[in-house]
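Everything below concerns the one structure shown next.
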Amino acid sequence: MMFRSALAGLLLLATPLALSAPSFAQQQSAPAAAAPLHRGSPLVLMTDFGTKDGAVSAVKGVAYGVSQDLLISDLSHQIDSIWDGAYRLYQVAPYWPKGTVFVTVVDPGVGTARKSIVVRTKAGHYFVGPDNGLYTLIDEAEGIDEARVIDESVNRLRGSEASNTFHGRDVFGYTGARLAAGVIGWEQVGPVYPVSQLVRLPYQRPSLELGVLKGMIPVLDVQYGNVWSNIPRNLFEAAGFKLGDKVKVEFLHDGKVVDNVVAPFTRTFGNVPVGQPMVYINSLLDVSVALNQGDYARDHHIGSGPGWSVQVSRP
């Protein structure tokens, strides 16, 4: 069963251009007659870069070197894993307008044989980054219409050819900016790549079996310590749960139960006393567990990702 597509969230960050970056004003190689794809589309950055150095700012500098009229925003940075990146795209992308270009740099395989690609979804969004599974959930939420391999002979920052470890700046940021600014059209990204051959991440899809709901913990609501599942509200309701019911939730890591709780199903945090647990439907319309004004994940040593799962039933 696939993730549903109600989603949420946005963040902001910025820093100064790296000293080694070339001058860009005279370097745009696309012909002036190139037809704009969607001139002035937003460019959104998501990376595994830190925010204490110049990496994020270097990418922005390259993008502004393509066009100072670009609207550049940050989805998030310091993404911990490919899975986390895939989920954040799924969480955020539907709230951005058609034509938005996402530069997505969660790339532990940078410089290896993994492909540098751009995918276009049926919702009209563009995602620029490595073919390593980052677009698994976007494909399920929006559907990938077409994919292209980036032609680095055209779509690579001039003078960066000897650099093998900063494709976020030299290939993805540069190509994404050219696409968002309308300097290149979709066909100029590079050759078509079969969508069926894109890398996809395995994960536990939600299910209802003999009255027990099963799913995974895709991410934590990190600011507050709430534990999110991928079990959708409609499946929870199909199991017969109603507001006020007691719900048993078991948390498992690699198949072993590490914690369990029985808590009421409520609308929001203030419906239980401070420090007490609750089951609720989060902003993505999935079953979640929280402590009112507390941090459930920290206190109960709960993590997230494909190795973490949940089972929901009646006590």
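Ligands are numbered from 1 in the order shown, chains are lettered A, B, ... in the order of the structure tokens, and residues start at 1 in each chain.
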Please, which residues of stretch 8-256 of chain A, numbered as in this document, come out strand (DSSP E) from DSSP, as a PyMOL selection string? chain A and resi 43-47+72-76+101-105+116-121+126-130+144-149+192-193+207-209+212-217+220-221+226-232+246-253+256
Just the residues within 9 Å of A:Ile138, please, counting only C-alpha atoms, with nothing from its chain fewer than 6 positions along; format it as a PyMOL selection string. chain A and resi 86-87+89-90+93+121+144
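Remark: for A:Asn234, the closest of the candidate residues A:Ser73, A:Gln293, A:Ser57, A:Ser207 is A:Ser207 (distances computed over only C-alpha atoms).
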Find the spatial neighbours of A:Thr100, counting only C-alpha atoms, within a cut-off of 10 Å - ignore same-chain residues fewer than 5 positions away - and output them as a PDB file with N, CA, C and O atoms, in the first residue's frame.
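File written: selection-v4.pdb
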```
ATOM      1  N   HIS A  38      10.166  27.252 -17.760  1.00  0.00           N
ATOM      2  CA  HIS A  38       9.224  27.884 -16.843  1.00  0.00           C
ATOM      3  C   HIS A  38       9.977  29.002 -16.134  1.00  0.00           C
ATOM      4  O   HIS A  38      10.278  28.900 -14.956  1.00  0.00           O
ATOM      5  N   GLY A  40      11.601  31.772 -14.078  1.00  0.00           N
ATOM      6  CA  GLY A  40      11.244  32.335 -12.788  1.00  0.00           C
ATOM      7  C   GLY A  40      10.676  31.332 -11.815  1.00  0.00           C
ATOM      8  O   GLY A  40      10.159  31.720 -10.768  1.00  0.00           O
ATOM      9  N   SER A  41      10.782  30.030 -12.099  1.00  0.00           N
ATOM     10  CA  SER A  41      10.289  29.025 -11.159  1.00  0.00           C
ATOM     11  C   SER A  41      11.126  29.023  -9.888  1.00  0.00           C
ATOM     12  O   SER A  41      12.329  29.277  -9.930  1.00  0.00           O
ATOM     13  N   PRO A  42      10.538  28.718  -8.736  1.00  0.00           N
ATOM     14  CA  PRO A  42      11.314  28.641  -7.501  1.00  0.00           C
ATOM     15  C   PRO A  42      12.368  27.540  -7.585  1.00  0.00           C
ATOM     16  O   PRO A  42      12.153  26.497  -8.211  1.00  0.00           O
ATOM     17  N   LEU A  43      13.489  27.771  -6.922  1.00  0.00           N
ATOM     18  CA  LEU A  43      14.549  26.776  -6.786  1.00  0.00           C
ATOM     19  C   LEU A  43      14.667  26.457  -5.300  1.00  0.00           C
ATOM     20  O   LEU A  43      14.931  27.348  -4.484  1.00  0.00           O
ATOM     21  N   VAL A  44      14.461  25.198  -4.941  1.00  0.00           N
ATOM     22  CA  VAL A  44      14.429  24.777  -3.536  1.00  0.00           C
ATOM     23  C   VAL A  44      15.585  23.815  -3.278  1.00  0.00           C
ATOM     24  O   VAL A  44      15.774  22.852  -4.024  1.00  0.00           O
ATOM     25  N   ALA A  93       7.013  18.660  -1.030  1.00  0.00           N
ATOM     26  CA  ALA A  93       6.873  19.022  -2.442  1.00  0.00           C
ATOM     27  C   ALA A  93       5.462  19.425  -2.866  1.00  0.00           C
ATOM     28  O   ALA A  93       5.305  20.405  -3.615  1.00  0.00           O
ATOM     29  N   GLY A 124       4.158  18.182 -12.104  1.00  0.00           N
ATOM     30  CA  GLY A 124       4.863  19.313 -12.683  1.00  0.00           C
ATOM     31  C   GLY A 124       6.039  19.814 -11.872  1.00  0.00           C
ATOM     32  O   GLY A 124       6.490  20.946 -12.065  1.00  0.00           O
ATOM     33  N   HIS A 125       6.565  18.986 -10.957  1.00  0.00           N
ATOM     34  CA  HIS A 125       7.757  19.346 -10.206  1.00  0.00           C
ATOM     35  C   HIS A 125       8.985  18.689 -10.843  1.00  0.00           C
ATOM     36  O   HIS A 125       8.887  17.629 -11.462  1.00  0.00           O
ATOM     37  N   TYR A 126      10.154  19.304 -10.597  1.00  0.00           N
ATOM     38  CA  TYR A 126      11.421  18.791 -11.128  1.00  0.00           C
ATOM     39  C   TYR A 126      12.370  18.540  -9.957  1.00  0.00           C
ATOM     40  O   TYR A 126      12.487  19.385  -9.055  1.00  0.00           O
ATOM     41  N   PHE A 127      13.050  17.400  -9.975  1.00  0.00           N
ATOM     42  CA  PHE A 127      13.961  17.026  -8.904  1.00  0.00           C
ATOM     43  C   PHE A 127      15.318  16.699  -9.517  1.00  0.00           C
ATOM     44  O   PHE A 127      15.426  15.816 -10.369  1.00  0.00           O
ATOM     45  N   GLY A 176      20.066  22.680 -11.914  1.00  0.00           N
ATOM     46  CA  GLY A 176      18.778  23.103 -11.360  1.00  0.00           C
ATOM     47  C   GLY A 176      18.514  24.577 -11.586  1.00  0.00           C
ATOM     48  O   GLY A 176      17.393  24.979 -11.928  1.00  0.00           O
ATOM     49  N   LEU A 179      17.662  25.243 -15.236  1.00  0.00           N
ATOM     50  CA  LEU A 179      16.306  24.782 -15.529  1.00  0.00           C
ATOM     51  C   LEU A 179      15.268  25.757 -14.964  1.00  0.00           C
ATOM     52  O   LEU A 179      14.322  26.154 -15.643  1.00  0.00           O
ATOM     53  N   ALA A 180      15.462  26.164 -13.697  1.00  0.00           N
ATOM     54  CA  ALA A 180      14.506  27.082 -13.056  1.00  0.00           C
ATOM     55  C   ALA A 180      14.487  28.443 -13.731  1.00  0.00           C
ATOM     56  O   ALA A 180      13.435  29.084 -13.842  1.00  0.00           O
TER      57      ALA A 180
END
```
